[in-house]
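*Asks:* Below you'll find coords.txt; it's compact mmCIF, C-alpha atoms.
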```
# COMPACT_ATOMS: atom_id res chain seq x y z
CA MET A 1 41.18 45.89 71.24
CA ASN A 2 40.69 47.96 68.07
CA GLN A 3 41.44 44.99 65.80
CA TYR A 4 38.68 42.99 67.49
CA ILE A 5 36.25 45.88 67.09
CA GLU A 6 37.22 46.05 63.42
CA SER A 7 36.64 42.32 63.02
CA ALA A 8 33.23 42.52 64.73
CA MET A 9 32.15 45.37 62.46
CA VAL A 10 32.96 43.35 59.34
CA ASP A 11 30.44 40.68 60.38
CA ALA A 12 27.83 43.07 61.80
CA ASP A 13 24.39 43.61 60.26
CA VAL A 14 23.59 46.45 62.67
CA ILE A 15 25.79 48.61 64.91
CA LEU A 16 24.41 49.61 68.33
CA LEU A 17 26.16 52.61 69.86
CA MET A 18 25.12 53.10 73.49
CA HIS A 19 25.75 56.37 75.30
CA GLU A 20 24.72 57.51 78.77
CA THR A 21 22.90 60.82 78.82
CA GLY A 22 24.94 63.63 80.36
CA GLN A 23 28.23 61.76 79.96
CA PHE A 24 31.14 62.98 77.83
CA PHE A 25 31.68 60.91 74.70
CA GLU A 26 35.23 60.80 73.39
CA GLU A 27 35.06 60.89 69.60
CA ASN A 28 37.89 58.51 68.79
CA ASP A 29 38.78 56.46 65.72
CA VAL A 30 36.06 53.91 66.51
CA LEU A 31 33.38 56.52 65.82
CA GLU A 32 35.11 57.41 62.56
CA ARG A 33 35.01 53.76 61.52
CA ILE A 34 31.30 53.62 62.31
CA ILE A 35 30.74 56.69 60.13
CA LYS A 36 32.67 55.15 57.23
CA ALA A 37 31.12 51.69 57.57
CA ASN A 38 28.22 50.91 55.28
CA ILE A 39 26.23 49.39 58.16
CA PRO A 40 22.95 50.61 59.73
CA VAL A 41 23.48 52.33 63.08
CA ILE A 42 21.21 52.65 66.11
CA VAL A 43 22.30 55.18 68.73
CA ILE A 44 20.90 54.31 72.15
CA ILE A 45 20.88 57.09 74.76
CA ASN A 46 20.49 55.39 78.14
CA LYS A 47 19.56 56.61 81.63
CA ILE A 48 17.19 59.32 80.43
CA ASP A 49 15.34 58.88 83.73
CA LEU A 50 18.26 60.78 85.30
CA SER A 51 17.98 63.71 82.90
CA ASP A 52 15.40 66.24 81.69
CA GLN A 53 13.57 66.34 78.37
CA GLU A 54 15.41 69.38 77.02
CA SER A 55 18.83 67.79 77.59
CA VAL A 56 17.76 64.50 76.03
CA VAL A 57 16.39 66.28 72.95
CA LYS A 58 19.69 68.15 72.53
CA GLU A 59 21.63 64.89 72.74
CA MET A 60 19.35 63.28 70.18
CA GLN A 61 19.90 66.22 67.84
CA HIS A 62 23.66 65.98 68.35
CA TRP A 63 23.77 62.30 67.42
CA SER A 64 21.43 62.81 64.47
CA SER A 65 23.83 65.40 63.06
CA ARG A 66 26.94 63.39 63.94
CA LEU A 67 25.61 60.15 62.44
CA PRO A 68 23.18 61.11 59.67
CA GLY A 69 20.83 58.28 58.86
CA ALA A 70 21.21 56.62 62.26
CA GLU A 71 18.14 55.85 64.34
CA VAL A 72 18.48 57.62 67.70
CA ILE A 73 16.48 56.06 70.54
CA PRO A 74 16.36 57.40 74.13
CA ILE A 75 15.85 54.66 76.71
CA SER A 76 15.83 53.92 80.41
CA ALA A 77 17.04 50.35 80.80
CA ILE A 78 16.33 50.26 84.53
CA LYS A 79 12.72 51.39 83.97
CA ASN A 80 12.30 49.28 80.82
CA PHE A 81 11.38 52.38 78.81
CA ASN A 82 11.68 52.14 75.01
CA ILE A 83 13.45 48.76 75.17
CA ALA A 84 10.82 47.20 72.91
CA LYS A 85 11.42 49.99 70.39
CA VAL A 86 15.12 49.08 70.24
CA PHE A 87 14.27 45.44 69.50
CA ASP A 88 11.69 46.46 66.89
CA GLU A 89 14.22 48.69 65.14
CA ILE A 90 16.83 45.92 65.13
CA LEU A 91 14.32 43.54 63.55
CA THR A 92 13.60 46.02 60.77
CA LEU A 93 17.30 46.33 59.94
CA ILE A 94 18.70 42.79 60.13
CA PRO A 95 18.37 40.71 56.96
CA GLU A 96 16.74 37.29 56.88
CA SER A 97 19.19 34.40 56.83
CA PRO A 98 19.24 30.63 57.34
CA PRO A 99 19.68 29.42 60.95
CA PHE A 100 23.23 29.14 62.23
CA PHE A 101 22.45 25.95 64.18
CA ALA A 102 19.78 23.28 64.47
CA LYS A 103 16.31 24.08 65.86
CA ASP A 104 16.80 21.77 68.85
CA GLU A 105 19.94 23.65 69.90
CA LEU A 106 19.43 26.69 72.13
CA SER A 107 22.76 28.18 71.06
CA ASP A 108 26.13 27.41 69.55
CA ARG A 109 27.77 28.80 72.69
CA SER A 110 29.19 26.64 75.48
CA VAL A 111 27.77 26.39 79.00
CA ARG A 112 30.94 28.14 80.24
CA PHE A 113 30.05 31.14 78.10
CA PHE A 114 26.60 31.45 79.68
CA VAL A 115 28.04 31.01 83.17
CA SER A 116 30.45 33.91 82.58
CA GLU A 117 27.61 36.03 81.17
CA ILE A 118 25.42 35.34 84.20
CA ILE A 119 28.20 36.43 86.55
CA ARG A 120 28.89 39.53 84.45
CA GLU A 121 25.17 40.39 84.49
CA LYS A 122 25.24 40.34 88.31
CA VAL A 123 28.21 42.70 88.27
CA PHE A 124 26.26 45.10 86.06
CA THR A 125 23.11 44.99 88.19
CA ASN A 126 24.91 45.28 91.54
CA TYR A 127 27.48 47.96 90.77
CA LYS A 128 25.64 50.12 88.21
CA LYS A 129 28.16 52.50 86.58
CA GLU A 130 30.94 52.20 89.19
CA VAL A 131 32.98 49.43 87.52
CA PRO A 132 31.04 47.21 85.06
CA TYR A 133 32.64 48.51 81.86
CA ALA A 134 36.12 47.67 83.17
CA VAL A 135 35.13 44.10 84.03
CA GLU A 136 35.49 40.74 82.31
CA VAL A 137 34.79 37.24 83.61
CA ALA A 138 36.68 34.02 82.92
CA VAL A 139 35.47 30.55 83.94
CA ASP A 140 38.60 28.75 85.14
CA GLU A 141 36.97 25.43 86.05
CA TYR A 142 33.69 23.71 85.27
CA LYS A 143 33.62 20.27 86.85
CA GLU A 144 30.56 18.04 86.83
CA GLU A 145 30.24 15.75 89.86
CA PRO A 146 27.49 13.24 90.72
CA LYS A 147 25.46 15.63 92.88
CA LEU A 148 26.65 19.09 91.87
CA VAL A 149 28.72 21.18 89.47
CA ARG A 150 31.84 22.92 90.79
CA ILE A 151 32.58 26.21 89.08
CA SER A 152 35.58 28.46 89.63
CA ALA A 153 35.51 31.90 87.99
CA THR A 154 37.64 35.03 88.02
CA ILE A 155 36.44 38.61 87.69
CA PHE A 156 39.16 40.77 86.10
CA VAL A 157 39.33 44.53 86.61
CA ASP A 158 41.76 47.28 85.58
CA ARG A 159 42.65 48.80 88.94
CA GLU A 160 42.99 47.97 92.64
CA SER A 161 40.31 50.56 93.44
CA GLN A 162 37.87 48.64 91.24
CA LYS A 163 38.78 45.40 92.97
CA ALA A 164 37.97 46.98 96.33
CA ILE A 165 34.56 48.07 95.04
CA ILE A 166 33.78 44.61 93.68
CA LEU A 167 34.74 42.93 96.95
CA GLY A 168 32.91 45.43 99.16
CA HIS A 169 33.22 45.82 102.92
CA GLN A 170 34.31 42.49 104.41
CA GLY A 171 33.54 40.83 101.07
CA LYS A 172 29.80 41.42 101.36
CA SER A 173 29.36 42.74 97.81
CA ILE A 174 31.10 39.86 96.04
CA LYS A 175 29.23 37.40 98.25
CA LYS A 176 25.94 38.91 97.05
CA VAL A 177 27.07 38.65 93.42
CA GLY A 178 28.07 35.02 93.98
CA THR A 179 24.78 34.09 95.62
CA GLU A 180 22.67 35.68 92.87
CA ALA A 181 24.81 34.18 90.11
CA ARG A 182 24.74 30.71 91.67
CA LYS A 183 20.94 30.70 91.82
CA ASP A 184 20.63 31.71 88.17
CA ILE A 185 23.26 29.19 87.06
CA GLU A 186 21.46 26.42 88.97
CA GLU A 187 18.23 27.33 87.21
CA PHE A 188 20.00 27.43 83.85
CA ILE A 189 21.78 24.06 84.08
CA GLN A 190 19.13 22.42 86.31
CA ASN A 191 21.68 21.21 88.83
CA LYS A 192 23.16 22.18 92.18
CA VAL A 193 26.18 24.46 91.91
CA PHE A 194 29.17 25.26 94.09
CA LEU A 195 30.45 28.61 92.81
CA GLU A 196 33.78 30.16 93.77
CA ILE A 197 34.57 33.66 92.51
CA THR A 198 37.89 35.48 92.85
CA VAL A 199 38.71 39.04 91.82
CA LYS A 200 42.03 39.91 90.15
CA VAL A 201 43.61 43.07 88.79
CA ASN A 202 45.01 42.87 85.26
CA LYS A 203 45.94 46.37 84.19
CA ASP A 204 45.05 47.33 80.61
CA TRP A 205 43.67 43.87 79.82
CA ARG A 206 41.87 45.35 76.81
CA GLU A 207 45.24 45.88 75.12
CA LYS A 208 46.56 42.36 75.76
CA GLU A 209 45.83 39.91 72.97
CA ASN A 210 46.18 36.82 75.17
CA MET A 211 43.59 38.20 77.61
CA LEU A 212 41.20 39.15 74.81
CA LYS A 213 41.40 35.64 73.38
CA ARG A 214 40.75 34.22 76.85
CA PHE A 215 37.55 36.24 77.03
CA GLY A 216 36.45 35.04 73.60
CA TYR A 217 37.32 38.08 71.50
CA ASP A 218 38.52 36.03 68.55
CA HIS A 219 38.96 37.26 65.01
```
How does the structure come out when it is put into C-alpha cells?
*Replies:*
Amino acid sequence: MNQYIESAMVDADVILLMHETGQFFEENDVLERIIKANIPVIVIINKIDLSDQESVVKEMQHWSSRLPGAEVIPISAIKNFNIAKVFDEILTLIPESPPFFAKDELSDRSVRFFVSEIIREKVFTNYKKEVPYAVEVAVDEYKEEPKLVRISATIFVDRESQKAIILGHQGKSIKKVGTEARKDIEEFIQNKVFLEITVKVNKDWREKENMLKRFGYDH
C-alpha cells in the first residue's frame, strides 16, 4: 500500500490528514513522508462533538507542533460543523489549472466507480467507526437490460468478525445497506436497478498488489 500512497503524494496539490479526536495516532513512515513532502497539509480533527474543548485545543496544538505550517481544522462531519471551512481552505491552496475533461462530461470516472463509491458511502454511514476503514468495494458485474440494470458487487473486509458486523443479525444490516445503495444508484443512473451484494474476507488486502489494482489504486 505504501507505494500507492507515495504515488498519490507525487500528484497531490494538497494533503488532507484526517484524525479522530481522542484516538491514538501511530506516527509511522507515512507521516514522515508528509513532513518531508513540499506539499500544503490540512490536518482535519473529526468527531469533536464527542470531545470537550480543552482536549480538542490540546490536539490542535499537538498537530501544529508536529506539522509546522499545516492548517489544523477541528470538525464534526456528522453535525456538518466546519465542513465549509475545509473546502474553503482547499480552494485557497490548490492551483488553477486547465480542465481535465470536457465541460459536458460530469467526470472521467466510469459508472462502475460511482456505484462502488455509493455502496462504500452506505457502509460508512451505517457502521460508523466499527469497520469502514477496513472495507473496499468491487463491482463484479454491471449488465444493462431493457428494463433494468443488474449489478453484482462485493464488499471486502479484513476479518471474519468484520464480515459478521457487515451482515448483521439475520442479514438485516447488509439488506439495509443494499436498499439504500440501490435507491441512490437508481437516482444516479436514472434507471431501475437490481443490486446483489456479497461480503467476503480477504485478509491483509491492503498489502496485495492485485487487490489494490482491482480497487483502482493504480500508479
*Asks:* Which residue, A:Gln162, A:Asn191, A:Thr125, A:Gln170, has the smallest gap to Pro146 of chain A when you use only C-alpha atoms?
*Replies:*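 Using only C-alpha atoms, the shortest distance to Pro146 of chain A belongs to A:Asn191.
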*Asks:* So, with all atoms listed in the file as the atoms that count, which of A:Ile34, A:Ile189, A:Leu93, A:Ile166 lies closest to Tyr142 of chain A?
*Replies:*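 Of all the options, A:Ile189 lies closest to Tyr142 of chain A.
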*Asks:* For the contact check between segment 52-144 of chain A and segment 35-40 of chain A, emit one row per residue of segment 52-144 of chain A within 9 Å, containing the shortest atom pair and the distance in Å rounded to one decimal, counting all atoms listed in the file, chain then rising number order, as a tab-separated table.
*Replies:*
```
residue	atom	partner	partner_atom	distance
A:Arg66	CA	A:Ile35	CA	8.6
A:Leu67	CA	A:Ile35	CA	6.6
A:Pro68	CA	A:Ile35	CA	8.8
A:Gly69	CA	A:Pro40	CA	8.0
A:Ala70	CA	A:Pro40	CA	6.7
A:Glu71	CA	A:Pro40	CA	8.5
A:Leu93	CA	A:Pro40	CA	7.1
A:Ile94	CA	A:Pro40	CA	8.9
```
*Asks:* Name the closest residue to Ser55 of chain A among the candidates A:Gly178, A:Pro74, A:Pro98, A:Gly168; distances are taken between atoms, counting all atoms listed in the file.
*Replies:*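 Residue with the minimum atom-to-atom distance to Ser55 of chain A: A:Pro74.
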*Asks:* Excluding Glu145 of chain A and any residue of its chain fewer than 4 positions from it, enumerate the residues within 12 Å of it, using only C-alpha atoms, and give them as a list in words.
*Replies:*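 That gives Val149, Arg150, Ile151, Asn191, Lys192, Val193 and Phe194 of chain A.
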*Asks:* Which of these residues is nearest to Phe188 of chain A, using all atoms listed in the file: A:Val111, A:Trp63, A:Val139, A:Lys200?
*Replies:*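 Comparing A:Val111, A:Trp63, A:Val139, A:Lys200 against Phe188 of chain A, the winner is A:Val111.
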*Asks:* Quick one, how far is atom CA of Met18 of chain A from atom CA of Val43 of chain A?
*Replies:* 5.9 Å
